[in-house]
Amino acid sequence: MSYSIEQLVVGQRAHFEKTISESDIQLFCGISGDINPVHVSQIAGQNSIFGNRVAHGIMVSGLTSAVLGMQLPGPGTIYLGQELKFTAPVFIGDTIRAEVEVIEINAEKNIAKLATRSVNQHDKIVIQGVATVMPPKH
């Protein structure tokens with residue numbers, strides 16, 4: 001199911017949850033070309049400010065795309081922009097819950113803004129921001 005601009009309501013929410021795996025990191029390295037040692041080397045990770053290997057922030061932020069494209073507004077949504085702040089590291093084995101909430105609706109332009117945040121299994125915010133989308137027209 002997808003929501004048109006007329007069906008959106010400020011305060012409407014949705015989420016998606018995923019545990020970050022070693023294979024997620026390796027696949028994203030191949031897709032993106034980002035093989036920064038902090039993502040792939042245990043030694044580099046341990047010597048970093050994080051004390052361990054970390055997931056790519058932009059890969060983790062992609063979980064928000066799953067919510068927007070599959071749930072709210074849903075299939076047919078055009079992702080126009082995203083403001084992001086990476087507030088805490090994500091480690092292999094962390095379970096991330098990407099959450100979105102409708103905060104602004106411009107029916108005339110068919111554009112909505114949604115607050116975005118990703119939290120780990122300890123309820124610590126790891127990413128927050130605002131997405132701008134164009135919901136599908138029915």
# chains A, B, ... in the order shown; residues from 1 in each chain; ligands from 1
$ residues_around --residues "Phe16 in chain A" --least-positions-apart "6" --cutoff "8 Å" --atoms "only C-alpha atoms" --output "list of chain:residue names"
A:Leu63, A:Thr64, A:Ala66, A:Val67, A:Arg97, A:Ala98, A:Glu99
$ select_by_dssp --residues "range 60-94 of chain A" --states "strand (DSSP E or B)" --output "PyMOL selection string"
chain A and resi 78-86
$ residues_around --residues "Gly76 in chain A" --least-positions-apart "4" --cutoff "10 Å" --atoms "only C-alpha atoms" --output "PyMOL selection string"
chain A and resi 1-4+68-70+134-138
$ residues_around --residues "Val60 in chain A" --least-positions-apart "2" --cutoff "12 Å" --atoms "only C-alpha atoms" --output "VMD selection string"
chain A and resid 16 to 21 24 to 25 28 54 to 58 62 to 66 84 to 86 88 to 92 94 to 98 117 to 120 126 to 128
$ closest_residue --among "A:Ala115, A:Val40, A:Ala131, A:Ile103" --to "Ser23 in chain A" --atoms "only C-alpha atoms"
A:Val40
$ closest_residue --among "A:Asn47, A:Asn36, A:Ser61, A:Leu80" --to "Ile111 in chain A" --atoms "only C-alpha atoms"
A:Leu80
$ atom_distance --atom1 "CA of Gly129 in chain A" --atom2 "CA of Asn106 in chain A"
18.7 Å
$ residues_around --residues "Val130 in chain A" --least-positions-apart "6" --cutoff "6 Å" --atoms "only C-alpha atoms" --output "PDB file with all heavy atoms, in the first residue's frame"
ATOM      1  N   GLN A  82      17.590  14.536   1.438  1.00  0.00           N
ATOM      2  CA  GLN A  82      17.758  14.032   2.802  1.00  0.00           C
ATOM      3  C   GLN A  82      18.829  14.845   3.510  1.00  0.00           C
ATOM      4  O   GLN A  82      19.931  14.995   2.997  1.00  0.00           O
ATOM      5  CB  GLN A  82      18.174  12.558   2.769  1.00  0.00           C
ATOM      6  CG  GLN A  82      18.451  11.946   4.133  1.00  0.00           C
ATOM      7  CD  GLN A  82      17.202  11.660   4.919  1.00  0.00           C
ATOM      8  OE1 GLN A  82      16.301  10.987   4.430  1.00  0.00           O
ATOM      9  NE2 GLN A  82      17.125  12.149   6.143  1.00  0.00           N
ATOM     10  N   GLU A  83      18.493  15.377   4.661  1.00  0.00           N
ATOM     11  CA  GLU A  83      19.482  15.972   5.558  1.00  0.00           C
ATOM     12  C   GLU A  83      19.809  14.902   6.590  1.00  0.00           C
ATOM     13  O   GLU A  83      18.909  14.246   7.104  1.00  0.00           O
ATOM     14  CB  GLU A  83      18.903  17.199   6.265  1.00  0.00           C
ATOM     15  CG  GLU A  83      18.530  18.322   5.330  1.00  0.00           C
ATOM     16  CD  GLU A  83      17.773  19.431   6.061  1.00  0.00           C
ATOM     17  OE1 GLU A  83      17.910  19.562   7.300  1.00  0.00           O
ATOM     18  OE2 GLU A  83      17.031  20.141   5.377  1.00  0.00           O
ATOM     19  N   LEU A 114       9.519  14.463   6.134  1.00  0.00           N
ATOM     20  CA  LEU A 114       9.421  13.497   7.218  1.00  0.00           C
ATOM     21  C   LEU A 114      10.677  13.563   8.081  1.00  0.00           C
ATOM     22  O   LEU A 114      11.797  13.593   7.545  1.00  0.00           O
ATOM     23  CB  LEU A 114       9.266  12.072   6.673  1.00  0.00           C
ATOM     24  CG  LEU A 114       7.983  11.808   5.875  1.00  0.00           C
ATOM     25  CD1 LEU A 114       8.207  12.047   4.402  1.00  0.00           C
ATOM     26  CD2 LEU A 114       7.483  10.412   6.115  1.00  0.00           C
ATOM     27  N   ALA A 115      10.490  13.613   9.387  1.00  0.00           N
ATOM     28  CA  ALA A 115      11.620  13.485  10.299  1.00  0.00           C
ATOM     29  C   ALA A 115      12.110  12.046  10.188  1.00  0.00           C
ATOM     30  O   ALA A 115      11.305  11.113  10.121  1.00  0.00           O
ATOM     31  CB  ALA A 115      11.187  13.797  11.724  1.00  0.00           C
ATOM     32  N   THR A 116      13.423  11.888  10.138  1.00  0.00           N
ATOM     33  CA  THR A 116      14.000  10.547  10.039  1.00  0.00           C
ATOM     34  C   THR A 116      14.956  10.343  11.204  1.00  0.00           C
ATOM     35  O   THR A 116      15.683  11.260  11.589  1.00  0.00           O
ATOM     36  CB  THR A 116      14.751  10.359   8.707  1.00  0.00           C
ATOM     37  OG1 THR A 116      15.828  11.291   8.617  1.00  0.00           O
ATOM     38  CG2 THR A 116      13.816  10.561   7.520  1.00  0.00           C
TER      39      THR A 116
END
$ closest_residue --among "A:Met59, A:Ser48, A:Leu72, A:Val133" --to "Asp34 in chain A" --atoms "only C-alpha atoms"
A:Met59
$ closest_residue --among "A:Pro37, A:Pro73, A:Gly81, A:Gly51" --to "Val102 in chain A" --atoms "only C-alpha atoms"
A:Pro73
$ closest_residue --among "A:Ile35, A:Ala14, A:Ile49, A:Ile43" --to "Gln71 in chain A" --atoms "only C-alpha atoms"
A:Ala14
$ residues_around --residues "Val38 in chain A" --least-positions-apart "4" --cutoff "8 Å" --atoms "only C-alpha atoms" --output "PyMOL selection string"
chain A and resi 42+44-45+48+52-54
$ atom_distance --atom1 "CA of Ala112 in chain A" --atom2 "CA of Gln12 in chain A"
11.6 Å
$ select_by_dssp --residues "range 9-106 of chain A" --states "alpha helix (DSSP H)" --output "JSON, numbers by chain"
{"A": [22, 23, 24, 25, 26, 27, 28, 29, 30, 31, 32, 37, 38, 39, 40, 42, 43, 44, 45, 46, 47, 57, 58, 59, 60, 61, 62, 63, 64, 65, 66, 67, 68, 69, 70]}
$ write_last_selection --atoms "N, CA and C atoms" --output "compact mmCIF listing (two decimals), in the first residue's frame"
# COMPACT_ATOMS: atom_id res chain seq x y z
N GLU A 22 28.16 -8.74 8.84
CA GLU A 22 29.46 -8.68 8.14
C GLU A 22 29.24 -8.65 6.63
N SER A 23 28.31 -9.46 6.14
CA SER A 23 28.09 -9.48 4.69
C SER A 23 27.51 -8.17 4.19
N ASP A 24 26.69 -7.48 5.01
CA ASP A 24 26.20 -6.15 4.61
C ASP A 24 27.38 -5.21 4.36
N ILE A 25 28.35 -5.23 5.28
CA ILE A 25 29.53 -4.37 5.16
C ILE A 25 30.31 -4.71 3.88
N GLN A 26 30.56 -6.01 3.68
CA GLN A 26 31.34 -6.44 2.52
C GLN A 26 30.64 -6.09 1.21
N LEU A 27 29.34 -6.34 1.15
CA LEU A 27 28.59 -6.02 -0.07
C LEU A 27 28.59 -4.52 -0.35
N PHE A 28 28.43 -3.72 0.71
CA PHE A 28 28.42 -2.27 0.50
C PHE A 28 29.80 -1.77 0.06
N CYS A 29 30.86 -2.37 0.57
CA CYS A 29 32.21 -2.03 0.10
C CYS A 29 32.29 -2.24 -1.41
N GLY A 30 31.79 -3.38 -1.88
CA GLY A 30 31.82 -3.68 -3.30
C GLY A 30 30.96 -2.74 -4.12
N ILE A 31 29.78 -2.42 -3.62
CA ILE A 31 28.87 -1.54 -4.36
C ILE A 31 29.40 -0.11 -4.40
N SER A 32 29.88 0.37 -3.26
CA SER A 32 30.26 1.79 -3.16
C SER A 32 31.72 2.07 -3.50
N PRO A 37 39.60 1.48 5.84
CA PRO A 37 39.99 0.44 6.80
C PRO A 37 39.12 0.36 8.05
N VAL A 38 38.53 1.45 8.49
CA VAL A 38 37.68 1.43 9.69
C VAL A 38 36.46 0.52 9.49
N HIS A 39 36.12 0.24 8.22
CA HIS A 39 35.00 -0.65 7.93
C HIS A 39 35.43 -2.10 7.72
N VAL A 40 36.66 -2.33 7.29
CA VAL A 40 37.07 -3.68 6.88
C VAL A 40 38.21 -4.30 7.70
N GLN A 42 39.90 -5.10 11.35
CA GLN A 42 39.70 -5.14 12.80
C GLN A 42 40.73 -4.27 13.52
N ILE A 43 41.97 -4.31 13.05
CA ILE A 43 43.03 -3.52 13.68
C ILE A 43 42.76 -2.03 13.52
N ALA A 44 42.41 -1.61 12.31
CA ALA A 44 42.11 -0.19 12.08
C ALA A 44 40.90 0.24 12.91
N GLY A 45 39.91 -0.62 13.00
CA GLY A 45 38.73 -0.31 13.81
C GLY A 45 39.09 -0.15 15.28
N GLN A 46 39.89 -1.06 15.79
CA GLN A 46 40.29 -0.99 17.20
C GLN A 46 41.12 0.26 17.49
N ASN A 47 41.90 0.69 16.51
CA ASN A 47 42.75 1.88 16.68
C ASN A 47 42.01 3.19 16.38
N GLY A 57 28.11 4.79 7.48
CA GLY A 57 26.96 5.59 7.88
C GLY A 57 25.93 5.71 6.77
N ILE A 58 26.41 5.90 5.56
CA ILE A 58 25.48 6.09 4.44
C ILE A 58 24.74 4.79 4.11
N MET A 59 25.37 3.64 4.37
CA MET A 59 24.68 2.37 4.19
C MET A 59 23.54 2.25 5.20
N VAL A 60 23.82 2.58 6.44
CA VAL A 60 22.81 2.50 7.49
C VAL A 60 21.67 3.47 7.19
N SER A 61 22.01 4.64 6.66
CA SER A 61 20.96 5.62 6.33
C SER A 61 20.04 5.09 5.23
N GLY A 62 20.51 4.14 4.45
CA GLY A 62 19.69 3.53 3.41
C GLY A 62 18.47 2.79 3.95
N LEU A 63 18.50 2.43 5.23
CA LEU A 63 17.34 1.78 5.82
C LEU A 63 16.14 2.72 5.82
N THR A 64 16.40 4.02 5.91
CA THR A 64 15.33 5.02 5.84
C THR A 64 14.66 4.94 4.47
N SER A 65 15.44 4.72 3.43
CA SER A 65 14.90 4.60 2.08
C SER A 65 13.91 3.45 2.00
N ALA A 66 14.19 2.37 2.72
CA ALA A 66 13.27 1.22 2.73
C ALA A 66 11.92 1.62 3.32
N VAL A 67 11.94 2.43 4.37
CA VAL A 67 10.68 2.86 4.99
C VAL A 67 9.92 3.76 4.02
N LEU A 68 10.60 4.75 3.47
CA LEU A 68 9.94 5.71 2.58
C LEU A 68 9.42 5.03 1.31
N GLY A 69 10.21 4.16 0.72
CA GLY A 69 9.84 3.55 -0.55
C GLY A 69 8.88 2.38 -0.44
N MET A 70 8.81 1.77 0.74
CA MET A 70 7.97 0.58 0.88
C MET A 70 6.78 0.76 1.81
$ closest_residue --among "A:Ala107, A:Gly33, A:Gly11, A:Gln121" --to "Gly93 in chain A" --atoms "only C-alpha atoms"
A:Gln121
$ atom_distance --atom1 "CA of His15 in chain A" --atom2 "CA of Glu104 in chain A"
17.8 Å
